[in-house]
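This is work.tsv. It holds TSV, C-alpha atoms and all ligand atoms.
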```tsv
chain	number	residue	atom	x	y	z
A	1	MET	CA	19.35	156.19	-166.99
A	2	LEU	CA	21.24	153.62	-164.92
A	3	ALA	CA	19.15	151.42	-162.62
A	4	TYR	CA	20.28	148.63	-160.30
A	5	THR	CA	17.85	145.86	-161.17
A	6	TYR	CA	16.60	142.62	-159.57
A	7	LYS	CA	17.14	140.17	-162.43
A	8	ASP	CA	16.67	136.81	-160.78
A	9	ARG	CA	17.25	135.10	-157.47
A	10	GLY	CA	20.81	135.96	-156.48
A	11	VAL	CA	21.31	138.35	-159.40
A	12	PHE	CA	21.19	142.16	-159.35
A	13	GLU	CA	22.52	144.03	-162.39
A	14	LEU	CA	23.17	147.64	-163.36
A	15	THR	CA	21.01	148.17	-166.47
A	16	GLU	CA	19.79	151.01	-168.68
A	17	LYS	CA	16.13	151.96	-168.25
A	18	PRO	CA	14.01	154.84	-169.56
A	19	LYS	CA	13.44	157.73	-167.17
A	20	PRO	CA	10.14	157.22	-165.27
A	21	GLU	CA	7.08	159.34	-166.06
A	22	LEU	CA	4.08	160.45	-164.02
A	23	ILE	CA	1.31	157.83	-164.19
A	24	ASP	CA	-1.13	159.18	-161.61
A	25	THR	CA	-2.07	162.72	-160.57
A	26	LYS	CA	-0.71	161.98	-157.09
A	27	ASP	CA	2.74	160.86	-158.37
A	28	ALA	CA	5.99	162.76	-158.25
A	29	ILE	CA	9.24	162.17	-160.10
A	30	VAL	CA	12.28	162.59	-157.88
A	31	ARG	CA	15.86	162.98	-159.10
A	32	VAL	CA	17.80	160.78	-156.71
A	33	THR	CA	20.84	162.56	-155.28
A	34	MET	CA	21.79	159.90	-152.73
A	35	SER	CA	20.59	156.38	-151.99
A	36	SER	CA	21.70	153.60	-149.72
A	37	ILE	CA	21.90	149.83	-149.56
A	38	CYS	CA	19.75	148.16	-146.92
A	39	THR	CA	19.80	144.62	-145.55
A	40	SER	CA	16.29	144.22	-146.98
A	41	ASP	CA	17.81	144.61	-150.47
A	42	LEU	CA	19.88	141.53	-149.68
A	43	HIS	CA	16.73	139.73	-148.54
A	44	ILE	CA	15.29	140.41	-152.02
A	45	LYS	CA	18.48	139.21	-153.66
A	46	HIS	CA	18.39	135.97	-151.72
A	47	GLY	CA	14.75	135.27	-152.42
A	48	SER	CA	13.36	135.79	-148.90
A	49	VAL	CA	10.95	138.53	-150.00
A	50	PRO	CA	8.29	136.61	-151.97
A	51	LYS	CA	6.48	139.83	-152.94
A	52	ALA	CA	9.55	141.21	-154.76
A	53	VAL	CA	9.00	141.51	-158.50
A	54	LYS	CA	11.75	140.54	-160.95
A	55	GLY	CA	12.86	143.39	-163.20
A	56	ILE	CA	12.25	146.18	-160.69
A	57	THR	CA	14.91	148.70	-159.72
A	58	VAL	CA	15.93	147.96	-156.13
A	59	GLY	CA	16.62	150.46	-153.36
A	60	HIS	CA	14.18	152.01	-150.90
A	61	GLU	CA	16.36	154.43	-148.94
A	62	MET	CA	16.95	157.65	-150.82
A	63	VAL	CA	16.84	161.41	-150.88
A	64	GLY	CA	16.57	163.67	-153.89
A	65	VAL	CA	15.09	166.70	-155.58
A	66	VAL	CA	11.52	166.85	-156.87
A	67	GLU	CA	11.62	167.04	-160.65
A	68	GLU	CA	7.94	166.97	-161.54
A	69	THR	CA	4.61	166.52	-159.73
A	70	GLY	CA	1.09	165.41	-160.65
A	71	VAL	CA	-1.70	167.99	-160.29
A	72	ASP	CA	-2.90	166.53	-156.98
A	73	VAL	CA	0.47	166.79	-155.27
A	74	LYS	CA	0.29	169.71	-152.84
A	75	ASN	CA	2.94	169.08	-150.16
A	76	VAL	CA	5.99	169.38	-152.38
A	77	LYS	CA	6.89	171.12	-155.63
A	78	ALA	CA	9.58	170.89	-158.29
A	79	GLY	CA	12.94	171.89	-156.86
A	80	ASP	CA	12.22	170.80	-153.27
A	81	ARG	CA	14.80	168.60	-151.58
A	82	VAL	CA	12.98	165.59	-150.15
A	83	THR	CA	13.28	162.33	-148.26
A	84	VAL	CA	11.45	159.40	-149.83
A	85	ASN	CA	9.43	157.16	-147.55
A	86	VAL	CA	10.06	153.41	-147.82
A	87	GLU	CA	6.30	152.96	-147.57
A	88	THR	CA	3.63	153.97	-150.01
A	89	PHE	CA	0.34	154.89	-148.40
A	90	CYS	CA	-2.89	156.48	-149.54
A	91	GLY	CA	-3.64	158.42	-146.36
A	92	GLU	CA	-7.35	157.63	-146.67
A	93	CYS	CA	-8.05	153.98	-145.86
A	94	PHE	CA	-8.86	152.61	-142.37
A	95	PHE	CA	-5.24	151.63	-141.71
A	96	CYS	CA	-3.76	154.94	-142.90
A	97	LYS	CA	-6.26	156.94	-140.81
A	98	ASN	CA	-5.18	154.99	-137.73
A	99	GLY	CA	-1.47	155.46	-138.42
A	100	PHE	CA	-0.95	151.84	-139.52
A	101	VAL	CA	0.41	152.96	-142.87
A	102	ASN	CA	2.43	149.79	-143.36
A	103	ASN	CA	-0.90	148.04	-143.88
A	104	CYS	CA	-2.39	150.58	-146.30
A	105	LYS	CA	-4.98	148.81	-148.46
A	106	ASP	CA	-3.86	150.45	-151.73
A	107	LYS	CA	-2.39	148.02	-154.27
A	108	ASN	CA	0.96	149.71	-153.76
A	109	GLY	CA	0.42	150.11	-150.00
A	110	GLY	CA	3.30	149.28	-147.65
A	111	TRP	CA	6.76	148.48	-148.94
A	112	ALA	CA	6.41	148.82	-152.72
A	113	LEU	CA	9.36	151.02	-153.78
A	114	GLY	CA	12.34	148.89	-154.68
A	115	CYS	CA	10.31	145.72	-154.05
A	116	ARG	CA	7.13	145.65	-156.15
A	117	ILE	CA	7.71	148.88	-158.14
A	118	ASP	CA	10.92	150.60	-159.28
A	119	GLY	CA	12.98	151.97	-156.38
A	120	GLY	CA	15.86	154.32	-155.75
A	121	GLN	CA	19.23	152.81	-156.65
A	122	THR	CA	19.05	154.76	-159.87
A	123	GLU	CA	18.88	158.35	-161.17
A	124	TYR	CA	15.12	159.04	-161.13
A	125	VAL	CA	12.26	157.43	-159.27
A	126	ARG	CA	8.49	157.71	-159.54
A	127	VAL	CA	6.92	158.07	-156.08
A	128	PRO	CA	3.18	157.26	-155.84
A	129	TYR	CA	1.08	159.17	-153.27
A	130	ALA	CA	3.78	161.81	-153.12
A	131	ASN	CA	1.81	163.89	-150.58
A	132	GLN	CA	2.45	161.11	-148.06
A	133	GLY	CA	5.63	159.60	-149.51
A	134	LEU	CA	7.82	162.71	-149.68
A	135	ASN	CA	8.97	165.04	-146.90
A	136	LYS	CA	10.77	168.33	-147.40
A	137	ILE	CA	14.31	168.39	-146.04
A	138	PRO	CA	15.03	171.56	-144.02
A	139	ASP	CA	17.69	173.79	-145.67
A	140	SER	CA	20.18	173.26	-142.86
A	141	VAL	CA	19.97	169.43	-143.13
A	142	SER	CA	22.31	167.73	-145.62
A	143	ASP	CA	21.55	164.72	-147.81
A	144	GLU	CA	23.84	162.62	-145.60
A	145	GLN	CA	21.91	163.67	-142.49
A	146	ALA	CA	18.55	162.90	-144.10
A	147	LEU	CA	19.47	159.71	-145.96
A	148	PHE	CA	18.00	157.20	-143.48
A	149	VAL	CA	14.86	159.14	-142.53
A	150	GLY	CA	12.49	157.20	-144.79
A	151	ASP	CA	13.57	153.69	-143.80
A	152	ILE	CA	15.90	152.60	-141.00
A	153	LEU	CA	15.55	155.78	-138.97
A	154	ALA	CA	11.76	155.67	-139.37
A	155	THR	CA	12.00	152.07	-138.17
A	156	GLY	CA	14.03	152.98	-135.09
A	157	PHE	CA	11.71	155.88	-134.33
A	158	TRP	CA	8.63	153.67	-134.64
A	159	ALA	CA	10.21	150.93	-132.50
A	160	ALA	CA	11.02	153.40	-129.71
A	161	LYS	CA	7.56	154.94	-129.99
A	162	ILE	CA	5.57	151.69	-129.59
A	163	SER	CA	7.77	150.20	-126.85
A	164	GLU	CA	6.18	152.13	-123.96
A	165	ILE	CA	9.56	153.26	-122.56
A	166	LYS	CA	9.48	154.98	-119.16
A	167	LYS	CA	12.09	157.11	-117.38
A	168	ASP	CA	13.21	154.47	-114.84
A	169	ASP	CA	13.35	151.62	-117.35
A	170	THR	CA	16.24	149.44	-118.37
A	171	VAL	CA	15.94	149.01	-122.13
A	172	LEU	CA	17.74	146.21	-123.95
A	173	ILE	CA	18.38	146.59	-127.68
A	174	ILE	CA	19.55	143.40	-129.41
A	175	GLY	CA	21.57	144.10	-132.56
A	176	ALA	CA	23.79	147.07	-133.35
A	177	GLY	CA	23.59	146.93	-137.11
A	178	PRO	CA	22.33	150.05	-138.91
A	179	ALA	CA	18.69	149.59	-137.82
A	180	GLY	CA	19.81	148.72	-134.29
A	181	ILE	CA	21.85	151.91	-134.01
A	182	CYS	CA	18.96	153.98	-135.39
A	183	THR	CA	16.75	152.36	-132.76
A	184	LEU	CA	19.32	153.22	-130.11
A	185	LEU	CA	19.35	156.88	-131.17
A	186	CYS	CA	15.56	157.05	-130.89
A	187	VAL	CA	15.48	155.18	-127.56
A	188	MET	CA	18.04	157.69	-126.21
A	189	LEU	CA	15.50	160.47	-126.90
A	190	LYS	CA	13.16	158.75	-124.40
A	191	ASN	CA	15.80	159.05	-121.63
A	192	PRO	CA	15.36	155.68	-119.93
A	193	GLU	CA	17.54	155.05	-116.86
A	194	LYS	CA	19.73	152.48	-118.60
A	195	ILE	CA	20.25	151.29	-122.15
A	196	ILE	CA	22.00	148.02	-122.87
A	197	VAL	CA	23.02	147.10	-126.41
A	198	CYS	CA	23.78	143.46	-127.21
A	199	GLU	CA	25.82	142.79	-130.36
A	200	GLN	CA	27.88	139.80	-131.47
A	201	ASP	CA	30.28	141.67	-133.77
A	202	GLU	CA	33.22	143.22	-131.93
A	203	THR	CA	33.68	146.07	-134.42
A	204	ARG	CA	30.07	147.09	-133.99
A	205	ARG	CA	30.33	146.85	-130.21
A	206	ASP	CA	33.35	149.18	-130.41
A	207	PHE	CA	31.39	151.56	-132.65
A	208	VAL	CA	28.63	151.85	-130.05
A	209	LYS	CA	31.12	152.28	-127.18
A	210	LYS	CA	32.96	155.01	-129.08
A	211	HIS	CA	29.94	157.04	-130.19
A	212	TYR	CA	27.53	156.48	-127.30
A	213	PRO	CA	29.64	156.16	-124.14
A	214	ASN	CA	26.63	156.12	-121.76
A	215	VAL	CA	25.30	152.89	-123.25
A	216	ILE	CA	26.18	149.52	-121.69
A	217	VAL	CA	27.51	147.24	-124.43
A	218	VAL	CA	27.50	143.44	-124.16
A	219	SER	CA	28.13	140.39	-126.30
A	220	PRO	CA	25.35	137.74	-126.59
A	221	GLU	CA	27.25	135.44	-124.17
A	222	ASN	CA	27.03	137.99	-121.34
A	223	CYS	CA	23.71	139.50	-122.28
A	224	ILE	CA	21.21	137.94	-119.88
A	225	GLU	CA	23.62	138.05	-116.93
A	226	THR	CA	24.34	141.76	-117.49
A	227	VAL	CA	20.68	142.61	-118.01
A	228	ASN	CA	19.76	140.92	-114.71
A	229	LEU	CA	22.52	142.82	-112.94
A	230	GLU	CA	21.53	146.18	-114.42
A	231	SER	CA	17.77	145.95	-113.94
A	232	LYS	CA	15.67	146.19	-110.80
A	233	ASN	CA	13.07	143.53	-111.40
A	234	GLY	CA	14.82	140.52	-112.81
A	235	GLY	CA	15.08	141.51	-116.44
A	236	ALA	CA	14.78	144.34	-118.92
A	237	ASP	CA	11.61	146.45	-118.72
A	238	VAL	CA	11.66	146.79	-122.50
A	239	VAL	CA	13.44	144.62	-125.07
A	240	ILE	CA	13.78	145.65	-128.69
A	241	GLU	CA	14.96	142.81	-130.97
A	242	VAL	CA	16.65	144.15	-134.10
A	243	ALA	CA	19.14	141.34	-134.81
A	244	GLY	CA	16.91	138.79	-136.52
A	245	SER	CA	18.33	135.36	-135.70
A	246	GLU	CA	16.74	132.36	-133.95
A	247	LYS	CA	19.13	132.91	-131.04
A	248	SER	CA	18.53	136.65	-130.72
A	249	PHE	CA	14.79	136.01	-130.64
A	250	GLN	CA	15.22	133.59	-127.73
A	251	THR	CA	17.48	136.07	-125.92
A	252	ALA	CA	14.83	138.76	-126.39
A	253	TRP	CA	12.11	137.06	-124.39
A	254	GLN	CA	14.51	135.46	-121.90
A	255	ALA	CA	16.12	138.82	-121.02
A	256	ALA	CA	12.73	140.46	-120.44
A	257	ARG	CA	11.27	140.78	-116.95
A	258	ALA	CA	7.73	139.54	-116.35
A	259	ASN	CA	5.11	141.80	-117.98
A	260	ALA	CA	7.75	143.51	-120.14
A	261	VAL	CA	7.20	144.80	-123.64
A	262	VAL	CA	9.20	142.86	-126.26
A	263	THR	CA	9.24	144.67	-129.60
A	264	ILE	CA	10.33	142.61	-132.59
A	265	VAL	CA	11.71	144.88	-135.31
A	266	ALA	CA	13.87	142.27	-137.05
A	267	LEU	CA	12.93	140.61	-140.32
A	268	TYR	CA	13.69	136.89	-139.98
A	269	ASP	CA	14.92	134.76	-142.85
A	270	LYS	CA	13.03	131.73	-141.53
A	271	PRO	CA	10.42	130.94	-138.86
A	272	VAL	CA	11.48	131.21	-135.22
A	273	VAL	CA	9.99	129.27	-132.31
A	274	LEU	CA	7.81	131.03	-129.76
A	275	PRO	CA	8.11	128.57	-126.85
A	276	LEU	CA	4.85	129.34	-125.09
A	277	PRO	CA	5.15	126.59	-122.44
A	278	ASP	CA	8.55	127.94	-121.34
A	279	MET	CA	7.33	131.53	-121.12
A	280	TYR	CA	4.05	130.70	-119.42
A	281	GLY	CA	3.41	133.07	-116.54
A	282	LYS	CA	5.86	135.67	-117.78
A	283	ASN	CA	2.91	137.60	-119.24
A	284	LEU	CA	4.95	139.29	-121.94
A	285	ILE	CA	3.59	141.79	-124.41
A	286	PHE	CA	4.93	141.16	-127.91
A	287	LYS	CA	4.79	143.82	-130.60
A	288	THR	CA	5.95	142.75	-134.04
A	289	GLY	CA	7.69	144.47	-136.90
A	290	GLY	CA	6.84	146.36	-140.06
A	291	VAL	CA	7.50	150.07	-139.58
A	292	ASP	CA	4.62	152.52	-139.83
A	293	GLY	CA	6.71	155.21	-141.48
A	294	CYS	CA	4.51	158.23	-140.93
A	295	ASP	CA	6.71	160.30	-138.61
A	296	CYS	CA	9.30	161.46	-141.15
A	297	GLN	CA	8.61	165.18	-140.74
A	298	GLU	CA	9.08	164.90	-136.97
A	299	ILE	CA	12.30	162.94	-137.49
A	300	LEU	CA	13.60	165.60	-139.90
A	301	SER	CA	12.82	168.24	-137.31
A	302	LEU	CA	14.77	166.28	-134.65
A	303	ILE	CA	17.73	166.09	-137.05
A	304	GLU	CA	17.47	169.83	-137.69
A	305	GLN	CA	17.58	170.44	-133.93
A	306	GLY	CA	20.68	168.27	-133.64
A	307	LYS	CA	18.91	165.62	-131.55
A	308	ILE	CA	19.50	162.76	-134.01
A	309	ASP	CA	22.65	162.31	-136.07
A	310	THR	CA	23.05	159.20	-138.22
A	311	THR	CA	25.98	160.46	-140.28
A	312	PRO	CA	28.56	158.33	-138.40
A	313	LEU	CA	26.78	155.28	-139.86
A	314	ILE	CA	27.90	156.21	-143.39
A	315	THR	CA	31.24	154.46	-143.57
A	316	HIS	CA	31.51	154.27	-147.37
A	317	LYS	CA	30.47	156.31	-150.41
A	318	PHE	CA	30.37	155.21	-154.05
A	319	PRO	CA	29.03	156.59	-157.32
A	320	LEU	CA	26.09	154.67	-158.84
A	321	LYS	CA	28.32	153.15	-161.52
A	322	ASP	CA	30.26	151.33	-158.78
A	323	ILE	CA	27.19	149.97	-156.99
A	324	GLU	CA	28.18	146.38	-157.74
A	325	HIS	CA	31.35	146.85	-155.72
A	326	ALA	CA	29.41	148.62	-152.98
A	327	TYR	CA	27.11	145.58	-152.66
A	328	GLU	CA	30.12	143.30	-152.44
A	329	ILE	CA	31.41	145.27	-149.47
A	330	PHE	CA	28.00	145.57	-147.79
A	331	GLU	CA	26.98	141.97	-148.30
A	332	ASN	CA	30.25	140.53	-147.04
A	333	LYS	CA	30.58	143.12	-144.24
A	334	LEU	CA	34.07	144.05	-145.50
A	335	GLU	CA	36.13	147.03	-144.33
A	336	ASN	CA	34.05	147.48	-141.14
A	337	VAL	CA	31.15	148.71	-143.25
A	338	ILE	CA	27.99	149.93	-141.56
A	339	LYS	CA	26.15	151.85	-144.28
A	340	ILE	CA	27.04	152.83	-147.84
A	341	ALA	CA	25.84	155.98	-149.54
A	342	ILE	CA	25.44	155.81	-153.32
A	343	VAL	CA	26.02	159.32	-154.60
A	344	ASN	CA	24.69	160.60	-157.94
B	401	ZN	ZN	15.38	148.92	-145.67
B	402	ZN	ZN	-4.11	153.69	-147.03
```
Step by step, read the file and then write its structure as structure tokens.
Amino acid sequence: MLAYTYKDRGVFELTEKPKPELIDTKDAIVRVTMSSICTSDLHIKHGSVPKAVKGITVGHEMVGVVEETGVDVKNVKAGDRVTVNVETFCGECFFCKNGFVNNCKDKNGGWALGCRIDGGQTEYVRVPYANQGLNKIPDSVSDEQALFVGDILATGFWAAKISEIKKDDTVLIIGAGPAGICTLLCVMLKNPEKIIVCEQDETRRDFVKKHYPNVIVVSPENCIETVNLESKNGGADVVIEVAGSEKSFQTAWQAARANAVVTIVALYDKPVVLPLPDMYGKNLIFKTGGVDGCDCQEILSLIEQGKIDTTPLITHKFPLKDIEHAYEIFENKLENVIKIAIVN
């Protein structure tokens, strides 16, 4: 089968690999019907994910059909359409039992697929702990609708969930890339009084304005001024930072009111400065990133009810054989790309 493979720093290549087989009784083999390219794949390519193992198949956002299951897999069976969770988790350790599945103590716990073990930009994938890692897609939900459930939508859902959003809050979301928009969709479900989205790219600002007309959209230059104007207590009640630059991190804490929750979802390429002397007395509550992706069934149910729709994010579709070209477009943000679906 064809598999898009992490060869070396800066080099991904479409190679031939044998079809995966069950190794453990809790494994499942999934025939990938659709996968996607995520910014984290680019982080692997550029060497900013030290845990990434050379030779693995990349890709951690995918949906498919269960082909085969180990004897201990009870939640899904051959023939089921499923979402695949970006995170592998045992369901039994201290962290899993407390919902902190990103920190599962298993050797493959956390983000393993497409990073430390073979992932989904291919035709078949082996999913460990399939009882936790796979969720059945309702019949009325398409592959396109379910594609982001296991990764960026889980991330947005988790970010909205931990940010303690209340009805009369002004919520600032920094970054309207794919994960930022997924966060926005999940924040909208919390019905805060105002949502402000800050984004530097004009095309992405226009995308948000067009699809979500009730959201206030600003550029980084006008962000803090607008937030102060639109909030009652001198800053946003909740800030969710999804952009991931040194500057966006500074904007995040500066735009927050005193005692606000600042949730950091972004994955930074390098260290950022937390200027404690400058923020002294602001009494901020920081929550930092690494999705606990254990709400996928609930997210699928919200999609089924029509409460979340991420299909407008899919701006491009390519067959697996053209994945090289798809990466070129995604990496260089050509043709107003937001997300690319790789269709098998
Ligand atoms: Zn991802
Ligand atoms: Zn665990």
Protein and nucleic acid residues within 9 Å of ligand ZN 401 (chain B) (all atoms listed in the file) as a ChimeraX atom specification = /A:36-41,59-61,86,148,150-152,155,179
Can you pull out the residues contacting Thr288 (chain A)? Cut-off 12 Å, using all atoms listed in the file, and skip same-chain residues under 2 positions away; I want them as a PDB file with C-alpha atoms, in the coordinates of the input.
```
ATOM      1  CA  THR A 155      12.000 152.070-138.170  1.00  0.00           C
ATOM      2  CA  TRP A 158       8.630 153.670-134.640  1.00  0.00           C
ATOM      3  CA  ALA A 159      10.210 150.930-132.500  1.00  0.00           C
ATOM      4  CA  ILE A 162       5.570 151.690-129.590  1.00  0.00           C
ATOM      5  CA  SER A 163       7.770 150.200-126.850  1.00  0.00           C
ATOM      6  CA  VAL A 239      13.440 144.620-125.070  1.00  0.00           C
ATOM      7  CA  ILE A 240      13.780 145.650-128.690  1.00  0.00           C
ATOM      8  CA  GLU A 241      14.960 142.810-130.970  1.00  0.00           C
ATOM      9  CA  VAL A 242      16.650 144.150-134.100  1.00  0.00           C
ATOM     10  CA  GLY A 244      16.910 138.790-136.520  1.00  0.00           C
ATOM     11  CA  PHE A 249      14.790 136.010-130.640  1.00  0.00           C
ATOM     12  CA  VAL A 261       7.200 144.800-123.640  1.00  0.00           C
ATOM     13  CA  VAL A 262       9.200 142.860-126.260  1.00  0.00           C
ATOM     14  CA  THR A 263       9.240 144.670-129.600  1.00  0.00           C
ATOM     15  CA  ILE A 264      10.330 142.610-132.590  1.00  0.00           C
ATOM     16  CA  VAL A 265      11.710 144.880-135.310  1.00  0.00           C
ATOM     17  CA  ALA A 266      13.870 142.270-137.050  1.00  0.00           C
ATOM     18  CA  LEU A 267      12.930 140.610-140.320  1.00  0.00           C
ATOM     19  CA  TYR A 268      13.690 136.890-139.980  1.00  0.00           C
ATOM     20  CA  ILE A 285       3.590 141.790-124.410  1.00  0.00           C
ATOM     21  CA  PHE A 286       4.930 141.160-127.910  1.00  0.00           C
ATOM     22  CA  GLY A 290       6.840 146.360-140.060  1.00  0.00           C
ATOM     23  CA  VAL A 291       7.500 150.070-139.580  1.00  0.00           C
ATOM     24  CA  ASP A 292       4.620 152.520-139.830  1.00  0.00           C
TER      25      ASP A 292
END
```
Of the listed residues A:Lys339, A:Lys282, A:Lys136, A:Arg116, that which approaches Ser301 (chain A) most closely, counting all atoms listed in the file = A:Lys136
Do you know which residues are within 10 Å of ligand ZN 402 (chain B) using only C-alpha atoms and all ligand atoms? Can you write them as a list in words?
-> Thr88, Phe89, Cys90, Gly91, Glu92, Cys93, Phe94, Phe95, Cys96, Lys97, Asn98, Gly99, Phe100, Val101, Asn102, Asn103, Cys104, Lys105, Asp106, Lys107, Asn108, Gly109, Gly110, Tyr129 and Gln132 of chain A
Restrict the selected residues to C-alpha atoms and save them as a PDB file, in the frame of the given file.
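Contents of the output file again11.pdb:
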```
ATOM      1  CA  THR A  88       3.630 153.970-150.010  1.00  0.00           C
ATOM      2  CA  PHE A  89       0.340 154.890-148.400  1.00  0.00           C
ATOM      3  CA  CYS A  90      -2.890 156.480-149.540  1.00  0.00           C
ATOM      4  CA  GLY A  91      -3.640 158.420-146.360  1.00  0.00           C
ATOM      5  CA  GLU A  92      -7.350 157.630-146.670  1.00  0.00           C
ATOM      6  CA  CYS A  93      -8.050 153.980-145.860  1.00  0.00           C
ATOM      7  CA  PHE A  94      -8.860 152.610-142.370  1.00  0.00           C
ATOM      8  CA  PHE A  95      -5.240 151.630-141.710  1.00  0.00           C
ATOM      9  CA  CYS A  96      -3.760 154.940-142.900  1.00  0.00           C
ATOM     10  CA  LYS A  97      -6.260 156.940-140.810  1.00  0.00           C
ATOM     11  CA  ASN A  98      -5.180 154.990-137.730  1.00  0.00           C
ATOM     12  CA  GLY A  99      -1.470 155.460-138.420  1.00  0.00           C
ATOM     13  CA  PHE A 100      -0.950 151.840-139.520  1.00  0.00           C
ATOM     14  CA  VAL A 101       0.410 152.960-142.870  1.00  0.00           C
ATOM     15  CA  ASN A 102       2.430 149.790-143.360  1.00  0.00           C
ATOM     16  CA  ASN A 103      -0.900 148.040-143.880  1.00  0.00           C
ATOM     17  CA  CYS A 104      -2.390 150.580-146.300  1.00  0.00           C
ATOM     18  CA  LYS A 105      -4.980 148.810-148.460  1.00  0.00           C
ATOM     19  CA  ASP A 106      -3.860 150.450-151.730  1.00  0.00           C
ATOM     20  CA  LYS A 107      -2.390 148.020-154.270  1.00  0.00           C
ATOM     21  CA  ASN A 108       0.960 149.710-153.760  1.00  0.00           C
ATOM     22  CA  GLY A 109       0.420 150.110-150.000  1.00  0.00           C
ATOM     23  CA  GLY A 110       3.300 149.280-147.650  1.00  0.00           C
ATOM     24  CA  TYR A 129       1.080 159.170-153.270  1.00  0.00           C
ATOM     25  CA  GLN A 132       2.450 161.110-148.060  1.00  0.00           C
TER      26      GLN A 132
END
```
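Between Glu335 (chain A) and the candidates A:Ser48, A:Thr203, A:Ser248, A:Thr83, the tightest atom-to-atom separation, counting only C-alpha atoms, involves A:Thr203.
The coordinates place CA of Val32 (chain A) at 5.5 Å from CA of Tyr124 (chain A).
CA of Ile56 (chain A) to CA of Tyr327 (chain A) spans 16.9 Å [interatomic distance, one decimal].
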Atomic separation - CA of Lys317 (chain A) relative to CA of Ile340 (chain A), Å =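 Between these atoms lies a distance of 5.5 Å.
Using all atoms listed in the file, the shortest contact distance between Thr251 (chain A) and any of A:Val66, A:Leu229, A:Ile323, A:Leu172 is found at A:Leu172.
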Pick the closest to Glu304 (chain A) from A:Gly55, A:Pro138, A:Gly119, A:Pro271: which is it, counting only C-alpha atoms?
-> A:Pro138
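Shortest atom-to-atom contact with Gln254 (chain A) among A:Asp278, A:Asp118, A:Asp143, A:Asp269: A:Asp278, counting all atoms listed in the file.
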Quick one: 8 Å padding each side, axis-aligned, all listed atoms of region 318-321 of chain A - centre and edge lengths in Å to one decimal, as lines of an AutoDock Vina configuration file?
```
center_x = 28.2
center_y = 154.9
center_z = -157.8
size_x = 20.3
size_y = 19.4
size_z = 23.5
```
